[in-house]
>>> print(open('structure_29.pdb').read())   # PDB, C-alpha atoms
ATOM      1  CA  MET A   1       0.000   0.000   0.000  1.00  0.00           C
ATOM      2  CA  ASP A   2       1.226   3.458  -0.895  1.00  0.00           C
ATOM      3  CA  ALA A   3       1.194   5.545   2.290  1.00  0.00           C
ATOM      4  CA  ALA A   4       3.394   7.797   4.405  1.00  0.00           C
ATOM      5  CA  ASP A   5       3.390   9.698   7.698  1.00  0.00           C
ATOM      6  CA  ARG A   6       3.662  13.296   6.517  1.00  0.00           C
ATOM      7  CA  THR A   7       4.198  14.583  10.058  1.00  0.00           C
ATOM      8  CA  ALA A   8       7.317  12.448  10.497  1.00  0.00           C
ATOM      9  CA  GLU A   9      10.706  13.966  11.305  1.00  0.00           C
ATOM     10  CA  THR A  10      12.870  11.060  10.113  1.00  0.00           C
ATOM     11  CA  PRO A  11      12.892   8.960   6.911  1.00  0.00           C
ATOM     12  CA  GLU A  12      12.102   5.834   8.938  1.00  0.00           C
ATOM     13  CA  ALA A  13       9.041   7.408  10.523  1.00  0.00           C
ATOM     14  CA  TYR A  14       7.913   8.816   7.159  1.00  0.00           C
ATOM     15  CA  MET A  15       7.942   5.343   5.606  1.00  0.00           C
ATOM     16  CA  ASP A  16       5.984   3.881   8.539  1.00  0.00           C
ATOM     17  CA  GLY A  17       2.670   5.170   7.232  1.00  0.00           C
ATOM     18  CA  THR A  18       0.699   2.005   6.578  1.00  0.00           C
ATOM     19  CA  ALA A  19      -1.748   0.487   9.018  1.00  0.00           C
ATOM     20  CA  GLY A  20      -0.002  -2.493  10.598  1.00  0.00           C
ATOM     21  CA  PHE A  21      -2.944  -4.844  10.162  1.00  0.00           C
ATOM     22  CA  ARG A  22      -2.870  -4.380   6.385  1.00  0.00           C
ATOM     23  CA  THR A  23       0.440  -4.777   4.634  1.00  0.00           C
ATOM     24  CA  ASP A  24       3.272  -4.721   7.157  1.00  0.00           C
ATOM     25  CA  LEU A  25       3.067  -8.418   7.947  1.00  0.00           C
ATOM     26  CA  TYR A  26       5.188  -9.276   4.901  1.00  0.00           C
ATOM     27  CA  ALA A  27       6.931  -5.939   4.378  1.00  0.00           C
ATOM     28  CA  GLY A  28      10.196  -6.761   6.118  1.00  0.00           C
ATOM     29  CA  LYS A  29      11.892  -8.605   3.248  1.00  0.00           C
ATOM     30  CA  GLY A  30      10.917  -6.545   0.226  1.00  0.00           C
ATOM     31  CA  SER A  31      13.387  -5.328  -2.404  1.00  0.00           C
ATOM     32  CA  LEU A  32      12.942  -2.022  -4.197  1.00  0.00           C
ATOM     33  CA  MET A  33      12.628  -2.521  -7.953  1.00  0.00           C
ATOM     34  CA  THR A  34      13.025  -0.071 -10.779  1.00  0.00           C
ATOM     35  CA  HIS A  35      10.024   0.520 -12.995  1.00  0.00           C
ATOM     36  CA  ALA A  36      11.734  -1.386 -15.821  1.00  0.00           C
ATOM     37  CA  GLU A  37      12.403  -4.339 -13.515  1.00  0.00           C
ATOM     38  CA  SER A  38       8.758  -4.412 -12.448  1.00  0.00           C
ATOM     39  CA  ILE A  39       7.707  -4.573 -16.100  1.00  0.00           C
ATOM     40  CA  GLU A  40       9.832  -7.682 -16.628  1.00  0.00           C
ATOM     41  CA  LEU A  41       8.362  -9.297 -13.506  1.00  0.00           C
ATOM     42  CA  PHE A  42       4.792  -8.602 -14.586  1.00  0.00           C
ATOM     43  CA  LYS A  43       5.539  -9.949 -18.060  1.00  0.00           C
ATOM     44  CA  GLU A  44       6.687 -13.207 -16.476  1.00  0.00           C
ATOM     45  CA  LEU A  45       3.503 -13.347 -14.401  1.00  0.00           C
ATOM     46  CA  GLY A  46       1.326 -12.806 -17.458  1.00  0.00           C
ATOM     47  CA  VAL A  47      -0.589  -9.822 -16.109  1.00  0.00           C
ATOM     48  CA  LYS A  48      -1.429  -6.434 -17.554  1.00  0.00           C
ATOM     49  CA  PHE A  49      -0.052  -3.098 -16.390  1.00  0.00           C
ATOM     50  CA  THR A  50      -1.615  -0.126 -14.586  1.00  0.00           C
ATOM     51  CA  PRO A  51       1.258   2.320 -13.992  1.00  0.00           C
ATOM     52  CA  GLU A  52       0.490   5.674 -12.394  1.00  0.00           C
ATOM     53  CA  LEU A  53       2.632   8.673 -13.240  1.00  0.00           C
ATOM     54  CA  LYS A  54       2.947  10.182  -9.777  1.00  0.00           C
ATOM     55  CA  SER A  55       3.025  13.922  -9.220  1.00  0.00           C
ATOM     56  CA  PRO A  56       6.668  15.050  -9.046  1.00  0.00           C
ATOM     57  CA  SER A  57       7.983  15.955  -5.607  1.00  0.00           C
ATOM     58  CA  VAL A  58      10.282  18.523  -7.242  1.00  0.00           C
ATOM     59  CA  SER A  59       9.522  21.584  -9.330  1.00  0.00           C
ATOM     60  CA  MET A  60       9.271  20.896 -13.039  1.00  0.00           C
ATOM     61  CA  PRO A  61      11.135  21.308 -15.292  1.00  0.00           C
ATOM     62  CA  TYR A  62      13.617  19.622 -12.966  1.00  0.00           C
ATOM     63  CA  GLU A  63      17.021  21.318 -13.028  1.00  0.00           C
ATOM     64  CA  GLY A  64      15.701  23.429 -15.873  1.00  0.00           C
ATOM     65  CA  GLU A  65      15.762  20.628 -18.431  1.00  0.00           C
ATOM     66  CA  TYR A  66      13.637  17.614 -17.432  1.00  0.00           C
ATOM     67  CA  THR A  67      10.056  18.553 -18.278  1.00  0.00           C
ATOM     68  CA  GLN A  68       6.717  17.016 -17.319  1.00  0.00           C
ATOM     69  CA  ALA A  69       6.301  15.857 -20.907  1.00  0.00           C
ATOM     70  CA  MET A  70       9.683  14.098 -20.790  1.00  0.00           C
ATOM     71  CA  TYR A  71       8.621  12.445 -17.527  1.00  0.00           C
ATOM     72  CA  ALA A  72       5.369  11.220 -19.092  1.00  0.00           C
ATOM     73  CA  GLN A  73       7.205  10.004 -22.175  1.00  0.00           C
ATOM     74  CA  GLN A  74       9.865   8.159 -20.173  1.00  0.00           C
ATOM     75  CA  MET A  75       7.258   5.949 -18.521  1.00  0.00           C
ATOM     76  CA  ILE A  76       5.802   4.909 -21.886  1.00  0.00           C
ATOM     77  CA  ASP A  77       9.268   4.413 -23.391  1.00  0.00           C
ATOM     78  CA  GLU A  78      10.036   1.713 -20.832  1.00  0.00           C
ATOM     79  CA  TYR A  79       7.025  -0.316 -21.976  1.00  0.00           C
ATOM     80  CA  LYS A  80       8.013   0.153 -25.618  1.00  0.00           C
ATOM     81  CA  LYS A  81      11.577  -0.923 -24.882  1.00  0.00           C
ATOM     82  CA  ALA A  82      10.266  -4.032 -23.090  1.00  0.00           C
ATOM     83  CA  GLY A  83       8.068  -4.901 -26.073  1.00  0.00           C
ATOM     84  CA  VAL A  84       4.819  -4.658 -24.142  1.00  0.00           C
ATOM     85  CA  PRO A  85       1.734  -4.285 -26.375  1.00  0.00           C
ATOM     86  CA  PRO A  86      -0.036  -0.951 -25.786  1.00  0.00           C
ATOM     87  CA  SER A  87      -3.285  -2.884 -25.328  1.00  0.00           C
ATOM     88  CA  ASP A  88      -1.842  -4.374 -22.110  1.00  0.00           C
ATOM     89  CA  VAL A  89      -1.030  -0.990 -20.556  1.00  0.00           C
ATOM     90  CA  PHE A  90      -3.442   1.302 -18.718  1.00  0.00           C
ATOM     91  CA  ALA A  91      -1.257   4.350 -18.039  1.00  0.00           C
ATOM     92  CA  GLN A  92      -2.860   6.650 -15.504  1.00  0.00           C
ATOM     93  CA  SER A  93      -2.403  10.039 -13.890  1.00  0.00           C
ATOM     94  CA  PHE A  94      -4.260  12.562 -11.745  1.00  0.00           C
ATOM     95  CA  ASN A  95      -2.854  15.213 -14.060  1.00  0.00           C
ATOM     96  CA  LEU A  96      -5.155  15.532 -17.069  1.00  0.00           C
ATOM     97  CA  GLU A  97      -2.297  17.082 -19.054  1.00  0.00           C
ATOM     98  CA  ASP A  98      -0.348  13.811 -18.757  1.00  0.00           C
ATOM     99  CA  VAL A  99      -3.293  11.876 -20.162  1.00  0.00           C
ATOM    100  CA  LEU A 100      -3.708  14.366 -23.009  1.00  0.00           C
ATOM    101  CA  TYR A 101       0.024  14.132 -23.739  1.00  0.00           C
ATOM    102  CA  TRP A 102      -0.225  10.353 -24.162  1.00  0.00           C
ATOM    103  CA  ILE A 103      -3.323  10.709 -26.335  1.00  0.00           C
ATOM    104  CA  GLU A 104      -1.524  13.177 -28.605  1.00  0.00           C
ATOM    105  CA  ASN A 105       1.993  11.722 -28.663  1.00  0.00           C
ATOM    106  CA  GLU A 106       1.506   8.014 -27.961  1.00  0.00           C
ATOM    107  CA  PRO A 107      -1.987   7.388 -29.351  1.00  0.00           C
ATOM    108  CA  GLU A 108      -1.840   3.591 -29.070  1.00  0.00           C
ATOM    109  CA  PHE A 109      -1.110   3.910 -25.348  1.00  0.00           C
ATOM    110  CA  GLY A 110      -3.384   6.940 -25.101  1.00  0.00           C
ATOM    111  CA  LYS A 111      -6.415   4.858 -26.086  1.00  0.00           C
ATOM    112  CA  GLN A 112      -6.326   3.260 -22.621  1.00  0.00           C
ATOM    113  CA  ALA A 113      -4.880   6.171 -20.667  1.00  0.00           C
ATOM    114  CA  VAL A 114      -6.819   6.626 -17.434  1.00  0.00           C
ATOM    115  CA  TYR A 115      -7.694  10.047 -16.041  1.00  0.00           C
ATOM    116  CA  LEU A 116      -7.709   9.720 -12.254  1.00  0.00           C
ATOM    117  CA  ASP A 117     -10.233  12.403 -11.414  1.00  0.00           C
ATOM    118  CA  ASN A 118      -9.470  14.272  -8.196  1.00  0.00           C
ATOM    119  CA  SER A 119     -11.652  17.289  -8.967  1.00  0.00           C
ATOM    120  CA  TYR A 120     -13.669  16.386  -5.869  1.00  0.00           C
ATOM    121  CA  ARG A 121     -11.060  18.444  -4.013  1.00  0.00           C
ATOM    122  CA  ASP A 122     -12.404  21.631  -5.576  1.00  0.00           C
ATOM    123  CA  SER A 123     -14.435  23.908  -3.341  1.00  0.00           C
ATOM    124  CA  GLY A 124     -18.158  23.366  -3.864  1.00  0.00           C
ATOM    125  CA  TRP A 125     -17.663  20.233  -5.965  1.00  0.00           C
ATOM    126  CA  SER A 126     -20.430  17.622  -5.927  1.00  0.00           C
ATOM    127  CA  PRO A 127     -21.062  14.448  -7.950  1.00  0.00           C
ATOM    128  CA  GLU A 128     -24.665  15.670  -8.253  1.00  0.00           C
ATOM    129  CA  SER A 129     -23.837  19.131  -9.651  1.00  0.00           C
ATOM    130  CA  GLU A 130     -22.522  19.230 -13.214  1.00  0.00           C
ATOM    131  CA  THR A 131     -21.724  22.927 -12.961  1.00  0.00           C
ATOM    132  CA  SER A 132     -19.184  22.180 -10.222  1.00  0.00           C
ATOM    133  CA  TRP A 133     -17.114  19.830 -12.406  1.00  0.00           C
ATOM    134  CA  ARG A 134     -13.917  21.047 -14.085  1.00  0.00           C
ATOM    135  CA  HIS A 135     -15.002  19.484 -17.369  1.00  0.00           C
ATOM    136  CA  SER A 136     -18.216  17.908 -18.542  1.00  0.00           C
ATOM    137  CA  MET A 137     -18.032  14.235 -19.445  1.00  0.00           C
ATOM    138  CA  THR A 138     -18.725  15.147 -23.061  1.00  0.00           C
ATOM    139  CA  GLU A 139     -15.795  17.578 -23.054  1.00  0.00           C
ATOM    140  CA  LEU A 140     -13.455  14.902 -21.699  1.00  0.00           C
ATOM    141  CA  LYS A 141     -14.606  12.462 -24.370  1.00  0.00           C
ATOM    142  CA  GLU A 142     -14.055  15.078 -27.078  1.00  0.00           C
ATOM    143  CA  MET A 143     -10.496  15.558 -25.764  1.00  0.00           C
ATOM    144  CA  GLY A 144      -9.880  11.875 -26.474  1.00  0.00           C
ATOM    145  CA  VAL A 145     -10.205  10.592 -22.922  1.00  0.00           C
ATOM    146  CA  ASN A 146     -11.709   7.089 -22.871  1.00  0.00           C
ATOM    147  CA  TYR A 147     -11.227   6.095 -19.223  1.00  0.00           C
ATOM    148  CA  ILE A 148     -12.101   8.051 -16.106  1.00  0.00           C
ATOM    149  CA  ALA A 149     -11.398   6.923 -12.551  1.00  0.00           C
ATOM    150  CA  PRO A 150     -12.950   8.672  -9.537  1.00  0.00           C
ATOM    151  CA  PRO A 151     -13.072   7.361  -5.931  1.00  0.00           C
ATOM    152  CA  LEU A 152     -15.868   4.978  -4.922  1.00  0.00           C
ATOM    153  CA  TRP A 153     -18.164   7.492  -3.261  1.00  0.00           C
ATOM    154  CA  VAL A 154     -18.330   9.712  -6.332  1.00  0.00           C
ATOM    155  CA  LEU A 155     -20.152   7.007  -8.299  1.00  0.00           C
ATOM    156  CA  VAL A 156     -22.967   6.180  -5.880  1.00  0.00           C
ATOM    157  CA  LYS A 157     -25.667   7.798  -3.784  1.00  0.00           C
ATOM    158  CA  LEU A 158     -28.646   6.693  -1.722  1.00  0.00           C
ATOM    159  CA  ASP A 159     -32.194   6.506  -3.008  1.00  0.00           C
ATOM    160  CA  GLY A 160     -34.052   5.748   0.199  1.00  0.00           C
ATOM    161  CA  ASP A 161     -32.157   2.750   1.560  1.00  0.00           C
ATOM    162  CA  ARG A 162     -30.815   1.669  -1.865  1.00  0.00           C
ATOM    163  CA  MET A 163     -27.418   2.415  -3.351  1.00  0.00           C
ATOM    164  CA  VAL A 164     -27.817   3.748  -6.901  1.00  0.00           C
ATOM    165  CA  PRO A 165     -25.565   5.442  -9.502  1.00  0.00           C
ATOM    166  CA  SER A 166     -24.773   9.100  -8.976  1.00  0.00           C
ATOM    167  CA  LEU A 167     -25.355  11.781 -11.614  1.00  0.00           C
ATOM    168  CA  TYR A 168     -21.580  11.745 -12.212  1.00  0.00           C
ATOM    169  CA  ALA A 169     -21.740   8.032 -13.041  1.00  0.00           C
ATOM    170  CA  GLU A 170     -24.762   8.468 -15.304  1.00  0.00           C
ATOM    171  CA  ARG A 171     -23.178  11.313 -17.272  1.00  0.00           C
ATOM    172  CA  ALA A 172     -19.910   9.402 -17.676  1.00  0.00           C
ATOM    173  CA  LYS A 173     -21.791   6.422 -19.128  1.00  0.00           C
ATOM    174  CA  GLU A 174     -23.848   8.652 -21.425  1.00  0.00           C
ATOM    175  CA  ALA A 175     -20.645  10.215 -22.785  1.00  0.00           C
ATOM    176  CA  GLY A 176     -19.204   6.797 -23.538  1.00  0.00           C
ATOM    177  CA  LEU A 177     -16.465   6.949 -20.910  1.00  0.00           C
ATOM    178  CA  LYS A 178     -15.287   3.700 -19.380  1.00  0.00           C
ATOM    179  CA  ILE A 179     -15.171   3.875 -15.594  1.00  0.00           C
ATOM    180  CA  ILE A 180     -12.623   2.512 -13.135  1.00  0.00           C
ATOM    181  CA  SER A 181     -12.834   3.239  -9.409  1.00  0.00           C
ATOM    182  CA  TRP A 182     -10.696   3.188  -6.259  1.00  0.00           C
ATOM    183  CA  THR A 183     -10.081   1.915  -3.616  1.00  0.00           C
ATOM    184  CA  ALA A 184     -11.867  -1.081  -2.083  1.00  0.00           C
ATOM    185  CA  GLU A 185     -10.575  -2.481   1.217  1.00  0.00           C
ATOM    186  CA  ARG A 186      -8.857   0.775   2.213  1.00  0.00           C
ATOM    187  CA  SER A 187     -11.477   1.779   4.767  1.00  0.00           C
ATOM    188  CA  GLY A 188     -10.754  -0.668   7.552  1.00  0.00           C
ATOM    189  CA  PHE A 189     -13.812  -2.027   9.338  1.00  0.00           C
ATOM    190  CA  LEU A 190     -17.187  -1.046   7.873  1.00  0.00           C
ATOM    191  CA  THR A 191     -19.256  -1.256  11.049  1.00  0.00           C
ATOM    192  CA  GLY A 192     -18.992   2.512  11.497  1.00  0.00           C
ATOM    193  CA  GLY A 193     -20.067   3.644   8.025  1.00  0.00           C
ATOM    194  CA  GLY A 194     -16.949   2.947   6.000  1.00  0.00           C
ATOM    195  CA  GLY A 195     -15.275   6.355   6.284  1.00  0.00           C
ATOM    196  CA  TRP A 196     -14.172   8.545   3.377  1.00  0.00           C
ATOM    197  CA  TYR A 197     -14.614   5.979   0.594  1.00  0.00           C
ATOM    198  CA  PHE A 198     -18.254   5.295   1.503  1.00  0.00           C
ATOM    199  CA  GLN A 199     -19.279   8.831   2.486  1.00  0.00           C
ATOM    200  CA  THR A 200     -22.229   9.188   0.076  1.00  0.00           C
ATOM    201  CA  VAL A 201     -23.801   5.890   1.198  1.00  0.00           C
ATOM    202  CA  LYS A 202     -22.576   5.716   4.796  1.00  0.00           C
ATOM    203  CA  ASP A 203     -26.090   5.533   6.263  1.00  0.00           C
ATOM    204  CA  GLN A 204     -26.452   2.053   4.742  1.00  0.00           C
ATOM    205  CA  ILE A 205     -22.956   0.799   5.641  1.00  0.00           C
ATOM    206  CA  ASP A 206     -22.818  -1.123   8.919  1.00  0.00           C
ATOM    207  CA  ASN A 207     -21.209  -4.528   8.271  1.00  0.00           C
ATOM    208  CA  GLU A 208     -18.339  -6.054   6.306  1.00  0.00           C
ATOM    209  CA  GLY A 209     -20.650  -7.621   3.724  1.00  0.00           C
ATOM    210  CA  ASP A 210     -21.734  -4.181   2.543  1.00  0.00           C
ATOM    211  CA  VAL A 211     -18.610  -3.952   0.398  1.00  0.00           C
ATOM    212  CA  PHE A 212     -20.217  -6.601  -1.816  1.00  0.00           C
ATOM    213  CA  GLU A 213     -23.405  -4.538  -2.015  1.00  0.00           C
ATOM    214  CA  LEU A 214     -21.352  -1.601  -3.249  1.00  0.00           C
ATOM    215  CA  MET A 215     -19.435  -3.747  -5.733  1.00  0.00           C
ATOM    216  CA  HIS A 216     -22.710  -5.094  -7.092  1.00  0.00           C
ATOM    217  CA  VAL A 217     -24.068  -1.611  -7.760  1.00  0.00           C
ATOM    218  CA  LEU A 218     -20.772  -0.569  -9.341  1.00  0.00           C
ATOM    219  CA  HIS A 219     -20.798  -3.641 -11.577  1.00  0.00           C
ATOM    220  CA  LYS A 220     -24.467  -3.993 -12.522  1.00  0.00           C
ATOM    221  CA  ASP A 221     -25.739  -0.410 -12.411  1.00  0.00           C
ATOM    222  CA  VAL A 222     -22.714   1.874 -12.873  1.00  0.00           C
ATOM    223  CA  GLY A 223     -20.980  -0.573 -15.219  1.00  0.00           C
ATOM    224  CA  ILE A 224     -17.385  -0.084 -14.097  1.00  0.00           C
ATOM    225  CA  VAL A 225     -14.699  -1.956 -16.036  1.00  0.00           C
ATOM    226  CA  GLY A 226     -12.204  -2.121 -13.176  1.00  0.00           C
ATOM    227  CA  LEU A 227     -11.841  -1.668  -9.429  1.00  0.00           C
ATOM    228  CA  PHE A 228      -8.646  -1.074  -7.488  1.00  0.00           C
ATOM    229  CA  SER A 229      -8.369  -2.846  -4.169  1.00  0.00           C
ATOM    230  CA  ASP A 230      -5.823  -3.009  -1.345  1.00  0.00           C
ATOM    231  CA  TRP A 231      -6.957  -6.562  -0.602  1.00  0.00           C
ATOM    232  CA  PRO A 232      -7.754  -8.294  -3.904  1.00  0.00           C
ATOM    233  CA  ALA A 233      -9.269 -11.435  -2.371  1.00  0.00           C
ATOM    234  CA  THR A 234     -12.601  -9.651  -1.921  1.00  0.00           C
ATOM    235  CA  THR A 235     -12.792  -8.257  -5.448  1.00  0.00           C
ATOM    236  CA  THR A 236     -11.570 -11.576  -6.862  1.00  0.00           C
ATOM    237  CA  TYR A 237     -14.296 -13.454  -4.986  1.00  0.00           C
ATOM    238  CA  TYR A 238     -16.962 -11.141  -6.402  1.00  0.00           C
ATOM    239  CA  ALA A 239     -15.494 -11.306  -9.909  1.00  0.00           C
ATOM    240  CA  ASN A 240     -15.402 -15.117  -9.802  1.00  0.00           C
ATOM    241  CA  CYS A 241     -19.084 -15.230  -8.824  1.00  0.00           C
ATOM    242  CA  PHE A 242     -19.975 -13.373 -12.023  1.00  0.00           C
ATOM    243  CA  GLY A 243     -17.316 -14.791 -14.325  1.00  0.00           C
ATOM    244  CA  LEU A 244     -15.552 -11.417 -14.647  1.00  0.00           C
ATOM    245  CA  LYS A 245     -11.946 -10.954 -15.723  1.00  0.00           C
TER     246      LYS A 245
END
>>> encode(input="structure_29.pdb", output="structure tokens")
Amino acid sequence: MDAADRTAETPEAYMDGTAGFRTDLYAGKGSLMTHAESIELFKELGVKFTPELKSPSVSMPYEGEYTQAMYAQQMIDEYKKAGVPPSDVFAQSFNLEDVLYWIENEPEFGKQAVYLDNSYRDSGWSPESETSWRHSMTELKEMGVNYIAPPLWVLVKLDGDRMVPSLYAERAKEAGLKIISWTAERSGFLTGGGGWYFQTVKDQIDNEGDVFELMHVLHKDVGIVGLFSDWPATTTYYANCFGLK
């Protein structure tokens, strides 16, 4: 799990940001890999690729020469060098400009580039208010974006005691955008409403089985094509029940 203690005063404390009951049990013997090395490992395992171009922790262009575009291109170049088919790569970024760069400059990879939408951070933003969104779903589609990926709560709301698709989800489907969401199994125990990831449906979240209720709405009603999870056993169990891949 990607996490950090941002209040830490030492590198060791900064790295100790994950909840112990999640991933630390097997974290003591890990080896840091380069991105290129991870590509070779995943090729051996026969899986596809979902790399995220993280926001730089330094000002760009770095040292006056290394630009954001060069950074975005470098990630794609490592897949090309490794001979990975573009159809196996779902490059993603929270920075829409990165996604648009891939669409323009690496169109085969850009077809599956994923825009991780964090516009929910904007003041006054709501999944039920189109005027609060940075871009309409139609505008994103016209830009060439094919995949959009908001957090779980953005895609659902309550209709009485039922979880149903949000306006955001409905508009994304109408525009022809494919939807991926994040992140299942990051909320800890669900007996108290599920926290941040379940905020729009928290009144109906009171037991661990409710994660399957949410997944079912996302699958059957929202029509997502992918779901990130910190504990894939749960999503795998659901997918196996419905023959999903």
>>> resolve_selection(input="structure_29.pdb", expression="the PyMOL selection byres ((chain A and resi 151) around 9)", output="mmCIF file with C-alpha atoms, keeping the file's coordinate frame")
data_model
loop_
_atom_site.group_PDB
_atom_site.id
_atom_site.type_symbol
_atom_site.label_atom_id
_atom_site.label_comp_id
_atom_site.auth_asym_id
_atom_site.auth_seq_id
_atom_site.Cartn_x
_atom_site.Cartn_y
_atom_site.Cartn_z
ATOM 1 C CA LEU A 116 -7.709 9.720 -12.254
ATOM 2 C CA ASP A 117 -10.233 12.403 -11.414
ATOM 3 C CA ASN A 118 -9.470 14.272 -8.196
ATOM 4 C CA ALA A 149 -11.398 6.923 -12.551
ATOM 5 C CA PRO A 150 -12.950 8.672 -9.537
ATOM 6 C CA LEU A 152 -15.868 4.978 -4.922
ATOM 7 C CA TRP A 153 -18.164 7.492 -3.261
ATOM 8 C CA VAL A 154 -18.330 9.712 -6.332
ATOM 9 C CA LEU A 155 -20.152 7.007 -8.299
ATOM 10 C CA ILE A 180 -12.623 2.512 -13.135
ATOM 11 C CA SER A 181 -12.834 3.239 -9.409
ATOM 12 C CA TRP A 182 -10.696 3.188 -6.259
ATOM 13 C CA THR A 183 -10.081 1.915 -3.616
ATOM 14 C CA TYR A 197 -14.614 5.979 0.594
#
>>> closest_residue(input="structure_29.pdb", among="A:Val164, A:Ala169, A:Leu45, A:Val145", to="A:Leu214", atoms="only C-alpha atoms")
A:Val164
>>> closest_residue(input="structure_29.pdb", among="A:Val89, A:Val99, A:Val217, A:Leu167", to="A:Gly144", atoms="all atoms listed in the file")
A:Val99
>>> residues_around(input="structure_29.pdb", residues="A:Leu227", least_positions_apart="2", cutoff="12 Å", atoms="only C-alpha atoms", output="PyMOL selection string")
chain A and resi 50+148-152+178-185+214-216+218-219+222-225+229-232+234-236+238-239+244-245
>>> residues_near_point(input="structure_29.pdb", point="(-1.6, 15.9, -15.6)", cutoff="12 Å", atoms="only C-alpha atoms", output="short mmCIF file (atom, residue, chain, number, x, y, z; two decimals) with C-alpha atoms, in the coordinates of the input")
data_model
loop_
_atom_site.label_atom_id
_atom_site.label_comp_id
_atom_site.auth_asym_id
_atom_site.auth_seq_id
_atom_site.Cartn_x
_atom_site.Cartn_y
_atom_site.Cartn_z
CA GLU A 52 0.49 5.67 -12.39
CA LEU A 53 2.63 8.67 -13.24
CA LYS A 54 2.95 10.18 -9.78
CA SER A 55 3.02 13.92 -9.22
CA PRO A 56 6.67 15.05 -9.05
CA GLN A 68 6.72 17.02 -17.32
CA ALA A 69 6.30 15.86 -20.91
CA TYR A 71 8.62 12.44 -17.53
CA ALA A 72 5.37 11.22 -19.09
CA ALA A 91 -1.26 4.35 -18.04
CA GLN A 92 -2.86 6.65 -15.50
CA SER A 93 -2.40 10.04 -13.89
CA PHE A 94 -4.26 12.56 -11.74
CA ASN A 95 -2.85 15.21 -14.06
CA LEU A 96 -5.16 15.53 -17.07
CA GLU A 97 -2.30 17.08 -19.05
CA ASP A 98 -0.35 13.81 -18.76
CA VAL A 99 -3.29 11.88 -20.16
CA LEU A 100 -3.71 14.37 -23.01
CA TYR A 101 0.02 14.13 -23.74
CA TRP A 102 -0.22 10.35 -24.16
CA ALA A 113 -4.88 6.17 -20.67
CA VAL A 114 -6.82 6.63 -17.43
CA TYR A 115 -7.69 10.05 -16.04
CA LEU A 116 -7.71 9.72 -12.25
CA ASP A 117 -10.23 12.40 -11.41
CA ASN A 118 -9.47 14.27 -8.20
#
>>> atom_distance(input="structure_29.pdb", atom1="atom CA of A:Gln112", atom2="atom CA of A:Leu41")
21.4 Å
>>> closest_residue(input="structure_29.pdb", among="A:Phe198, A:Phe90, A:Phe109, A:Tyr147", to="A:Ala172", atoms="all atoms listed in the file")
A:Tyr147
>>> build_atoms(input="structure_29.pdb", residues="stretch 207-217 of chain A", atoms="N, CA, C and O atoms", output="PDB file, keeping the file's coordinate frame")
ATOM      1  N   ASN A 207     -21.827  -3.216   8.077  1.00  0.00           N
ATOM      2  CA  ASN A 207     -21.209  -4.528   8.271  1.00  0.00           C
ATOM      3  C   ASN A 207     -20.269  -4.823   7.108  1.00  0.00           C
ATOM      4  O   ASN A 207     -20.344  -4.184   6.057  1.00  0.00           O
ATOM      5  N   GLU A 208     -19.382  -5.786   7.299  1.00  0.00           N
ATOM      6  CA  GLU A 208     -18.339  -6.054   6.306  1.00  0.00           C
ATOM      7  C   GLU A 208     -18.904  -6.519   4.967  1.00  0.00           C
ATOM      8  O   GLU A 208     -18.294  -6.309   3.919  1.00  0.00           O
ATOM      9  N   GLY A 209     -20.053  -7.156   4.965  1.00  0.00           N
ATOM     10  CA  GLY A 209     -20.650  -7.621   3.724  1.00  0.00           C
ATOM     11  C   GLY A 209     -21.131  -6.510   2.822  1.00  0.00           C
ATOM     12  O   GLY A 209     -21.377  -6.739   1.625  1.00  0.00           O
ATOM     13  N   ASP A 210     -21.238  -5.291   3.353  1.00  0.00           N
ATOM     14  CA  ASP A 210     -21.734  -4.181   2.543  1.00  0.00           C
ATOM     15  C   ASP A 210     -20.790  -3.822   1.401  1.00  0.00           C
ATOM     16  O   ASP A 210     -21.210  -3.193   0.425  1.00  0.00           O
ATOM     17  N   VAL A 211     -19.522  -4.214   1.506  1.00  0.00           N
ATOM     18  CA  VAL A 211     -18.610  -3.952   0.398  1.00  0.00           C
ATOM     19  C   VAL A 211     -19.076  -4.694  -0.857  1.00  0.00           C
ATOM     20  O   VAL A 211     -18.925  -4.205  -1.981  1.00  0.00           O
ATOM     21  N   PHE A 212     -19.691  -5.864  -0.665  1.00  0.00           N
ATOM     22  CA  PHE A 212     -20.217  -6.601  -1.816  1.00  0.00           C
ATOM     23  C   PHE A 212     -21.455  -5.919  -2.393  1.00  0.00           C
ATOM     24  O   PHE A 212     -21.691  -5.961  -3.606  1.00  0.00           O
ATOM     25  N   GLU A 213     -22.251  -5.293  -1.528  1.00  0.00           N
ATOM     26  CA  GLU A 213     -23.405  -4.538  -2.015  1.00  0.00           C
ATOM     27  C   GLU A 213     -22.932  -3.387  -2.902  1.00  0.00           C
ATOM     28  O   GLU A 213     -23.503  -3.128  -3.968  1.00  0.00           O
ATOM     29  N   LEU A 214     -21.888  -2.703  -2.455  1.00  0.00           N
ATOM     30  CA  LEU A 214     -21.352  -1.601  -3.249  1.00  0.00           C
ATOM     31  C   LEU A 214     -20.784  -2.109  -4.563  1.00  0.00           C
ATOM     32  O   LEU A 214     -21.040  -1.536  -5.637  1.00  0.00           O
ATOM     33  N   MET A 215     -20.001  -3.185  -4.509  1.00  0.00           N
ATOM     34  CA  MET A 215     -19.435  -3.747  -5.733  1.00  0.00           C
ATOM     35  C   MET A 215     -20.526  -4.135  -6.725  1.00  0.00           C
ATOM     36  O   MET A 215     -20.377  -3.950  -7.941  1.00  0.00           O
ATOM     37  N   HIS A 216     -21.637  -4.654  -6.204  1.00  0.00           N
ATOM     38  CA  HIS A 216     -22.710  -5.094  -7.092  1.00  0.00           C
ATOM     39  C   HIS A 216     -23.338  -3.909  -7.816  1.00  0.00           C
ATOM     40  O   HIS A 216     -23.637  -3.984  -9.021  1.00  0.00           O
ATOM     41  N   VAL A 217     -23.528  -2.817  -7.124  1.00  0.00           N
ATOM     42  CA  VAL A 217     -24.068  -1.611  -7.760  1.00  0.00           C
ATOM     43  C   VAL A 217     -23.080  -1.072  -8.785  1.00  0.00           C
ATOM     44  O   VAL A 217     -23.461  -0.678  -9.898  1.00  0.00           O
TER      45      VAL A 217
END
